[in-house]
Structure formats: structure tokens, C-alpha cells
Amino acid sequence: MSENREGSTMHSNLKNLAVAARVGDTDPPETHDWLASLESLLGNGGKERARFILSAIEERATELGVLPDLLPFSPYRNTIPIDEQPRFPGDIEMEERITAILRWNALVMVMRANKAYGELGGHIASYASAAEIFEVGFNHFFQGPDAEGGGDLVFFQPHSAPGVYARAFLEGRLSQQQLERYRQEIGGPGLCSYPHPWLMPDFWQLPTGSMGIGPLSAIYQARFMRYLRDRGLANTDERRVWGVFGDGEMDEPESIAGLSLAAREGLDNLAFIINCNLQRLDGPVRGNGQIIQELEMLFRGAGWNVVKVLWASEWDSIFSRDVNHALLRRFAATVDGKYQTLGAKDGAYNLAHFFDEDPEVRALVAHMSDRDVDALRRGGHDFRKLYAAFEAARQTKGRPTVILAKTKKGYGMGGAGESRMTAHQAKKLDIEALLAFRDRFDLALTNEQVERLDFYRPAEDSPELTYLRARREGLGGYLPARKRQSSAVPVPAIDSYAEFALRADGKEMSTTMAVVRLFSNLLKDNELGPRIVPIVADEARTFGMANMFRQVGIYSPVGQLYEPEDAGSMLYYKEAKDGQLLEEGITEAGAIASWTAAATAYSAHGKAMLPFYIYYSMFGFQRVGDLIWAAADQRARGFLIGATAGRTTLGGEGLQHQDGSSLVMAAAVPNCRAYDPAYAYEMAVLLDHGARSMLEAQKDEFYYITAMNENYAQPSMPEGAEAGIVKGLYKLASHLPQKGQPTVRLLGSGAILPEVVEAAKLLKDDWGVGTDVFSATSFSELARDARDVERHNRLNPLAEPQVSHVEACLRGSAPIIAATDYVRAWPQLIASYVNAPFSVLGTDGFGRSDTRAALRAFFEVNRHQIVITALSALAREGATMRETVAEAIDRYGVAADAPAPWTV
């Protein structure tokens, strides 16, 4: 022991002297003494004490102005030193064989598809770079659905989907027929391009196809796990969220939008593994910089634990000889564009263009041949290094972890794609490259099998499949896997919580206040109440939700560590660890990610929840539409409430706050049911219907419902209106004409329906025109029904023709005028399904700041414009005189020569 200690001390002294002798050191002996003191401190007090002292010195040095602003990243080497690296618990040779098979099958899947159909696309290089990352997760960390607590959630890098399919093929969960139909989903059991739960509802659990959305969603999924636990709804302590993402993907704003929340809330159940192959689709992620150092700085600054896995085990002995850190200095001076070139070249090139550029660095590899240098791998391809990083992430407490794993894009593809600019677009390899691929990974394939692009699957009792199954069984089953249903949740009778809306009897209120009161009442229900998740990005008081602060509390993982300024008020700002309201702050993207986590909890956690996310409608589909599409893909169930909706209902706020288009965008999402109710009872019926559809019938749909902030008299619900409200159209009133006088049909929705009602009175009293007034709660639902009927009748010519709801309501030839607070495209969805003259008024154009009355006059959707449009339609049909239209224009003071509102 004495000799070992003396030898270690001598080595340490030599190393300290070498460091002290660096260029520019004016007093090497003093430097040596300081370094020796540090080592003594480490030996006597341990790492924690050494870190504390260094932190104290750094803090004091900063106060004294000694330290400049230092970049918060570590040297360009592995975070975990070799002496702290845990023992690898698996069979590395076996896992390397399995990974080689997976690489081959993923490659063959893409190549076969493009050989048969050159237009299908697909990606080879991304999975080739990430295969070891995935396998370490699959074999040692990713818990399946049968694990304690229900297993982990894994966000898979989308371009690596072929590798996940290849693994499921070995597991026996996907057939060869399915692999042969990669990206061919019509007419057979095919496989979708990326993770899409809508298209593979029993396989993919989480959609990541739109890059950038996965990282943000992963953070809020991890946060929602804590929410479920802290509210006593589910035990999620044993569950984790893993996200495998690309370094280029981190440039998406959504990718980094939630980093501070994850650290602030101590989400140690979350880990990102970023596949740093240094290359995006067209070229280097940071050709003139270093993306890994940049990402470390970003994550470390946000408060994450950062683990770098840059160099494989072959580098360990080289680092051990680098006492002067010459290699680290070369790494620090090498930009990613050069790393990419080095990765694409052989050992001889690397010696000449990297190691030989510094004599001290060249000396470190003087004993190595070109072949030896060529065999130096990056850390993301080393099972031991990756396992150590994953284990560090699992053991880290109090904060999330990011693993920055350096890899080669197209690893194993040789000159056909390894680290090449064109790697991402590579869809095929020639026969020579395929044979080289087989030989490199020692695959048991004949030349003929390689040329035929045969899939390779070992025998059922082979060591490979036995090992693979055993690892997954030990981790709780196979991933990815998705559950379609959970236990149904009963919805209380509508009269028990919506009496005020169903029988309003002319009481004034806004539909925003109505919807908030409706789900506030539902919160009181013993069964459904705990499952409701109220969400607001900010401005809860704007939407009349301040009472919820006291009623259910605002969720905070640490409770409330301060006395709020308004503690003496009845509706004070109350945070609580078991709070139910998610008040996300000014982040619509974060709020919709929270909503998605809650809206998919029935599948991810076996716990059906009913989220209500209420927000300024303009900042919904227009701002975070891609996140809403991802939620649709994930088969979300919940309510999106677009408050202060419409172009004219929000007087004074102006262009960027006035929404005239969200309903059109919502109409394009296949499983989104979009409505624009005008009355509180319509809102109540829609909420009741939607809740029953999603919670009791468990339909994979969600509801976008607009709400206005305008107070007006709310009537009681007419008898028998419920079905029409849900279908999208029902008759509200009729003003019968005198004998021989003309009739028009008036359709209105949302904020403009009261204008339509008043226009009907003017038509009858001033112009002798009879009217039928309809409330159009959803033009998109009407169009969907009509479209289905039209298709049925087209394809079943011998059957009795069906009649759509809109056709049944609007039979006959009397002109139809539709007016809404949205662009004309919204009501025009039904134009081709009616057999009468159809005129539309809408709010096309940019918004303005003014009063509601002025805005409606400007956009030509007020009662006077509705009357003029109705008279004009009658004049075109010869049912009235054109002079009558001119008289109405003059009487109502309409400026006929004013520019159209959509042109100014």
C-alpha cells in the first residue's frame, strides 16, 4: 500500500508540475502548491467539501472582480471519469450483435420501400447514429407498462422510427409483412413514417414527428406526473419520462421553451438524451461553433444536470497520458464543421489533419496505426459510456438531466453516408456498400441475402431473441405501447350544474362567464370534480376565474412559501401542493402542452382527466396550431375554450387580439369539434355533450368552443333544441310575412347572433319581409355531416338517398344570409350543401381598435348590413325592388363608396 500511495503521489506531483509549467505562469512553484492543496483537500474532505471550497472561492473572486464572466461549460470530454463509471450490467457482445441486426433491418426497411416506390422517402442515417442510445435505454432503463407504477413515457427521435420498428420486429410485435409496407398505410397493415398514435393507436404513444414539440411535451408530461401524484390521483414516483432528440432539433423555440420550468420544479423524473451527431438535414448544426458546448451552456444555465458522453472507451488511455491537457485544447479549438469532415474521413486523414497539427497531441497517439485511429469511436456509440450516463440521470435528485451524446450521423454506412452532408437524405446504398455494412457489423448474411435485401430475424430460441426478451421482461414489458381506454367517468345530470344557463330568463351574462361557471360547478361533483384540470396561461381574472384561486388552489410542487400581497381578500392568490388549477404564466405553448398531458392521461396513466384550457382565442390555433395538431394525433380528449373570441367582441384591443380565423383552422383538424355558441344554454349543452362523449363513450375527440366577453340578455333554452345545438343548426324564431310578402332565412352564430335577431325585427317591421332565424352553433359540424351524406349518396346510387341536417333545416329556395364574427370561409363551409341563394357576411381583414358597434359597422356584420344583404338577395330573385335596397342603404347611413374592410 505504501508503494502505491508513493507512486500515486509522485504521479500527482508530476502532473501538478506539468500544469504549473504551462506558458505564461510567472510562479510555477506557487501554482504547484495551490494544486497540491486542492488534492489534499480532496483526499481529506472528499468531493463535496472540495466543491464547496471551490464554490466559495469562485463566489469571492467574482465579488472582488477577479473572475470575468466565464462560459458555463466544461472541457470537451466525458463528464463521468473512468474511475466513477459503473459496471455495465449486460452482455456487451450480445447487445452489439442485436444492435447490428436492428441496424440492418432498419436499413433494409427503408431501402426496400424506395426500391419498389421511389417516392416514399424514409431515413437511414439518424437511427444509425442513435442505435446504441436506443439499445441502452431498451435493455436497461425504459420501463414497460407492467412495471411498478405503470412504466415510463419515451419520446422517440422521429427520424429513428425505422429502428424502433426493427426492434418490434425482433420482439415479435410487428410482422415482416408490416415492415415490407413501411410508409404504405393504405390498403394493408403498413407502418407510418414517424411516431403517430392516430395511425398506430396500439403502438405509438407519443407523437414527435413535428420536431421541437417533443422536448416541450416531455417536460410537461413529467410535470403532469407530479401533478397527479401531489393531488393524490396516481402514484407516479416510479415512473420517468425519457426523451431522445436531435441536436439540430434544439434550435426549435419550443425545444427549449420549458427548460427553466423543468429545473424550477425539480423534475428529476425527466431526462433528455440529445443525439449530437453535429448534423442537421443540410449540413452541420454549428459548422463554425460547437453545438455540444452551446447546449451544455444552455441547459446548465437553466439549472439542469448535464452529462456529456463524447468519447468512447478507446480514448481513455489517451486522456490518461495527456497530463498537459493538450488534447483538450485541440478539441476546444476544433469547430463542428471540421469534426464532421474528420468523421467522414479515415484514420490517415485524421492523423494528418488533427493529431499532426500539434506535436504534443501527435505524441499521444504515436504508437497507433491508421487503423487504430480510424477505430476511435465517439462516446454515443459506446455502451459502457452511455450506460454510465443513463444511470447518472436515474440517480440524480432534485433536477432534470440532459445527456449530450456525441455520435456520427450514418454510423456504419461508410463512404455512402457516414458523417456526410447528404446523410440525412440517403435512402439507399449500392451493393458494395451493403456488403461492407454486413462485414463491418459481422452479420450472418450471404451475398445473395444482401443483394435481395432480406430481413434478418434469428430463430425464436436463439441467444439474441432470448436475451432481448429477458431484458424487456425484467423492465416490465415492451415499448412503445399504447392503451386506448381507461375506466369511464360518469358525468352528472346537466340540470345539477347548468340550471342557471338552461333557464336564464333574460339575465345578462357573457358566454365566457357562463363557461367558467359551468366548469366551476362541475368541480364540485364528487366523481368528476377531481378529474377536471383547469388551465390558464395567464389572465385568469380576465376570464372571471379568480374564485378558483380559493376554490381549488393553484398547483405548486412546493406549496406557497410566501404570504401573498392580497392575502386579506376573499379571492387571494393561493398556491398549494395539491392545487388543481394550472396557472402556467405567459406561455401558450406551455399551457397547451400541459393540456395535452392532461387530455391524454387516460392512455398514458390510465386515469381519465377532463382539462379545460381557457385562453385568448387569437393565441390558440394561430399561435400554437402545430401543438394542437400533435394533441389531435395523440388522440387528446378535453376542452379548448377560445375566450374573447371573434373579430368585434373585444372592443379596443385591436389587430393582434381580435380573432376571426380560429374556427376555420379548427375545422381542418379531423377530430376537433368546433363550436361558436351565442347563448349560455348552448354552451351548457355543448359542454355536457362533449364531456359525455369523451369520458363516458371514450371517443377520441376534443372540443374547441369559443366564448365572448360581451354581456347581453341570455334567453332560456327552447324546448327540443339540444339535438340541433350539437349538430350545428336549429331554428330560433320565425317572423311570418303577410300574404304575398317575401321570406329570407337568417343564420347567425356567436357574438353576431343578437345582431341577426335584431335584423329579423327590422326586416319585418320596416320592410315587410318574413324571416326564419337560425342559430348556427357549428358550420364545420354541419359541413362534416353534409359531406358524409353526400359521399354515401354518391357511392350508393341504388339506396334511398340520405338527407343531411343542414339540408333538412334549410329546404326550399328562399335566400339564406349567414353572418358571423369570423372570416367568410367559416360559414361558406356549407355553401355547396344548400339549394338556395347563399350570402355570407364576415370579418375578413385586419382587426381595429374601437367600440363593438363601430367595429361591426366597419366589418359590415351589424344588423343594418344584414338587412341590406337580405333585401339585395331578394332583389336578385325579383322578390323586391332594387330601389328598396337603395332606400335601406340611405336610411341606415351606410357609405356605399367606403373601401371594403378587407382591403384597408
# chains A, B, ... in the order shown; residues from 1 in each chain; ligands from 1

$ residues_around --residues "stretch 177-184 of chain A" --least-positions-apart "5" --cutoff "7 Å" --atoms "only C-alpha atoms" --output "count of residues only"
8

$ closest_residue --among "A:Leu655, A:Ala786, A:Leu746, A:Ala375" --to "A:Gly847" --atoms "only C-alpha atoms"
A:Leu655

$ residues_around --residues "stretch 237-248 of chain A" --least-positions-apart "4" --cutoff "6 Å" --atoms "only C-alpha atoms" --output "VMD selection string"
chain A and resid 149 151 to 157 222 269 to 276 280 285

$ atom_distance --atom1 "atom CA of A:Phe224" --atom2 "atom CA of A:Ala597"
6.5 Å

$ atom_distance --atom1 "atom CA of A:Gln865" --atom2 "atom CA of A:Gly893"
10.5 Å

$ select_by_dssp --residues "stretch 203-388 of chain A" --states "alpha helix (DSSP H)" --output "ChimeraX atom specification"
/A:213-230,253-256,259-264,291-302,316-321,326-332,336-344,347-353,359-364,370-374,383-388

$ closest_residue --among "A:Pro81, A:Pro480, A:Pro564, A:Pro86" --to "A:Asp316" --atoms "only C-alpha atoms"
A:Pro81

$ residues_around --residues "A:Ser462" --least-positions-apart "4" --cutoff "12 Å" --atoms "only C-alpha atoms" --output "ChimeraX atom specification"
/A:94,97-98,170,457-458,466-469

$ write_last_selection --atoms "N, CA and C atoms" --output "mmCIF file, in the first residue's frame"
data_model
loop_
_atom_site.group_PDB
_atom_site.id
_atom_site.type_symbol
_atom_site.label_atom_id
_atom_site.label_comp_id
_atom_site.auth_asym_id
_atom_site.auth_seq_id
_atom_site.Cartn_x
_atom_site.Cartn_y
_atom_site.Cartn_z
ATOM 1 N N MET A 94 -23.377 -9.436 -26.847
ATOM 2 C CA MET A 94 -24.727 -9.791 -27.275
ATOM 3 C C MET A 94 -25.490 -8.539 -27.725
ATOM 4 N N ARG A 97 -24.420 -7.452 -31.097
ATOM 5 C CA ARG A 97 -24.978 -8.279 -32.159
ATOM 6 C C ARG A 97 -26.424 -7.885 -32.451
ATOM 7 N N ILE A 98 -27.195 -7.685 -31.388
ATOM 8 C CA ILE A 98 -28.590 -7.296 -31.560
ATOM 9 C C ILE A 98 -28.677 -5.941 -32.256
ATOM 10 N N LEU A 170 -38.107 -7.874 -34.128
ATOM 11 C CA LEU A 170 -37.396 -8.931 -33.404
ATOM 12 C C LEU A 170 -38.203 -9.405 -32.198
ATOM 13 N N ARG A 457 -33.949 -12.187 -39.098
ATOM 14 C CA ARG A 457 -34.515 -12.429 -37.769
ATOM 15 C C ARG A 457 -34.021 -13.781 -37.272
ATOM 16 N N PRO A 458 -33.262 -13.778 -36.181
ATOM 17 C CA PRO A 458 -32.754 -15.052 -35.649
ATOM 18 C C PRO A 458 -33.896 -15.978 -35.244
ATOM 19 N N THR A 466 -33.634 -14.550 -27.075
ATOM 20 C CA THR A 466 -33.794 -14.894 -25.658
ATOM 21 C C THR A 466 -33.309 -13.755 -24.768
ATOM 22 N N TYR A 467 -32.164 -13.196 -25.119
ATOM 23 C CA TYR A 467 -31.608 -12.086 -24.340
ATOM 24 C C TYR A 467 -32.509 -10.862 -24.436
ATOM 25 N N LEU A 468 -32.926 -10.539 -25.640
ATOM 26 C CA LEU A 468 -33.753 -9.353 -25.868
ATOM 27 C C LEU A 468 -35.042 -9.437 -25.054
ATOM 28 N N ARG A 469 -35.700 -10.594 -25.086
ATOM 29 C CA ARG A 469 -36.963 -10.749 -24.358
ATOM 30 C C ARG A 469 -36.746 -10.680 -22.852
#

$ decode --residues "stretch 192-246 of chain A" --atoms "C-alpha atoms" --output "PDB file, in the first residue's frame"
ATOM      1  CA  CYS A 192     -46.387   5.156 -40.579  1.00  0.00           C
ATOM      2  CA  SER A 193     -43.418   7.382 -41.292  1.00  0.00           C
ATOM      3  CA  TYR A 194     -42.936   8.790 -37.780  1.00  0.00           C
ATOM      4  CA  PRO A 195     -44.469   8.201 -34.333  1.00  0.00           C
ATOM      5  CA  HIS A 196     -48.182   8.807 -34.942  1.00  0.00           C
ATOM      6  CA  PRO A 197     -50.644   7.440 -32.339  1.00  0.00           C
ATOM      7  CA  TRP A 198     -53.587   8.305 -34.572  1.00  0.00           C
ATOM      8  CA  LEU A 199     -52.288   5.982 -37.276  1.00  0.00           C
ATOM      9  CA  MET A 200     -50.903   3.239 -34.976  1.00  0.00           C
ATOM     10  CA  PRO A 201     -53.090   3.577 -31.857  1.00  0.00           C
ATOM     11  CA  ASP A 202     -51.809   0.434 -30.139  1.00  0.00           C
ATOM     12  CA  PHE A 203     -48.134   1.107 -30.798  1.00  0.00           C
ATOM     13  CA  TRP A 204     -47.021   4.736 -30.738  1.00  0.00           C
ATOM     14  CA  GLN A 205     -47.847   6.549 -27.545  1.00  0.00           C
ATOM     15  CA  LEU A 206     -46.361   9.996 -28.109  1.00  0.00           C
ATOM     16  CA  PRO A 207     -46.094  11.954 -31.389  1.00  0.00           C
ATOM     17  CA  THR A 208     -42.768  13.600 -32.188  1.00  0.00           C
ATOM     18  CA  GLY A 209     -42.946  13.973 -35.961  1.00  0.00           C
ATOM     19  CA  SER A 210     -43.030  17.763 -35.818  1.00  0.00           C
ATOM     20  CA  MET A 211     -39.601  18.498 -34.425  1.00  0.00           C
ATOM     21  CA  GLY A 212     -39.383  20.730 -31.365  1.00  0.00           C
ATOM     22  CA  ILE A 213     -42.736  19.696 -29.955  1.00  0.00           C
ATOM     23  CA  GLY A 214     -41.360  16.528 -28.355  1.00  0.00           C
ATOM     24  CA  PRO A 215     -38.989  18.241 -25.893  1.00  0.00           C
ATOM     25  CA  LEU A 216     -41.623  20.682 -24.687  1.00  0.00           C
ATOM     26  CA  SER A 217     -44.242  17.940 -24.392  1.00  0.00           C
ATOM     27  CA  ALA A 218     -41.831  15.706 -22.479  1.00  0.00           C
ATOM     28  CA  ILE A 219     -41.273  18.400 -19.870  1.00  0.00           C
ATOM     29  CA  TYR A 220     -44.964  18.963 -19.295  1.00  0.00           C
ATOM     30  CA  GLN A 221     -45.665  15.223 -19.226  1.00  0.00           C
ATOM     31  CA  ALA A 222     -43.076  14.854 -16.458  1.00  0.00           C
ATOM     32  CA  ARG A 223     -44.637  17.792 -14.654  1.00  0.00           C
ATOM     33  CA  PHE A 224     -48.130  16.311 -15.030  1.00  0.00           C
ATOM     34  CA  MET A 225     -46.915  13.094 -13.411  1.00  0.00           C
ATOM     35  CA  ARG A 226     -46.030  15.159 -10.333  1.00  0.00           C
ATOM     36  CA  TYR A 227     -49.397  16.928 -10.540  1.00  0.00           C
ATOM     37  CA  LEU A 228     -51.210  13.580 -10.461  1.00  0.00           C
ATOM     38  CA  ARG A 229     -49.101  12.431  -7.520  1.00  0.00           C
ATOM     39  CA  ASP A 230     -49.415  15.615  -5.492  1.00  0.00           C
ATOM     40  CA  ARG A 231     -53.183  15.640  -5.936  1.00  0.00           C
ATOM     41  CA  GLY A 232     -53.404  12.011  -4.806  1.00  0.00           C
ATOM     42  CA  LEU A 233     -54.787  10.774  -8.127  1.00  0.00           C
ATOM     43  CA  ALA A 234     -51.973   8.391  -9.113  1.00  0.00           C
ATOM     44  CA  ASN A 235     -48.705   7.079  -7.705  1.00  0.00           C
ATOM     45  CA  THR A 236     -46.136   8.122 -10.279  1.00  0.00           C
ATOM     46  CA  ASP A 237     -42.963   8.082  -8.168  1.00  0.00           C
ATOM     47  CA  GLU A 238     -41.515   5.088 -10.030  1.00  0.00           C
ATOM     48  CA  ARG A 239     -42.185   6.486 -13.475  1.00  0.00           C
ATOM     49  CA  ARG A 240     -39.901   8.577 -15.642  1.00  0.00           C
ATOM     50  CA  VAL A 241     -40.018  10.500 -18.890  1.00  0.00           C
ATOM     51  CA  TRP A 242     -37.179   9.910 -21.357  1.00  0.00           C
ATOM     52  CA  GLY A 243     -36.766  11.970 -24.499  1.00  0.00           C
ATOM     53  CA  VAL A 244     -34.356  11.135 -27.320  1.00  0.00           C
ATOM     54  CA  PHE A 245     -33.932  14.187 -29.509  1.00  0.00           C
ATOM     55  CA  GLY A 246     -31.552  15.565 -32.117  1.00  0.00           C
TER      56      GLY A 246
END
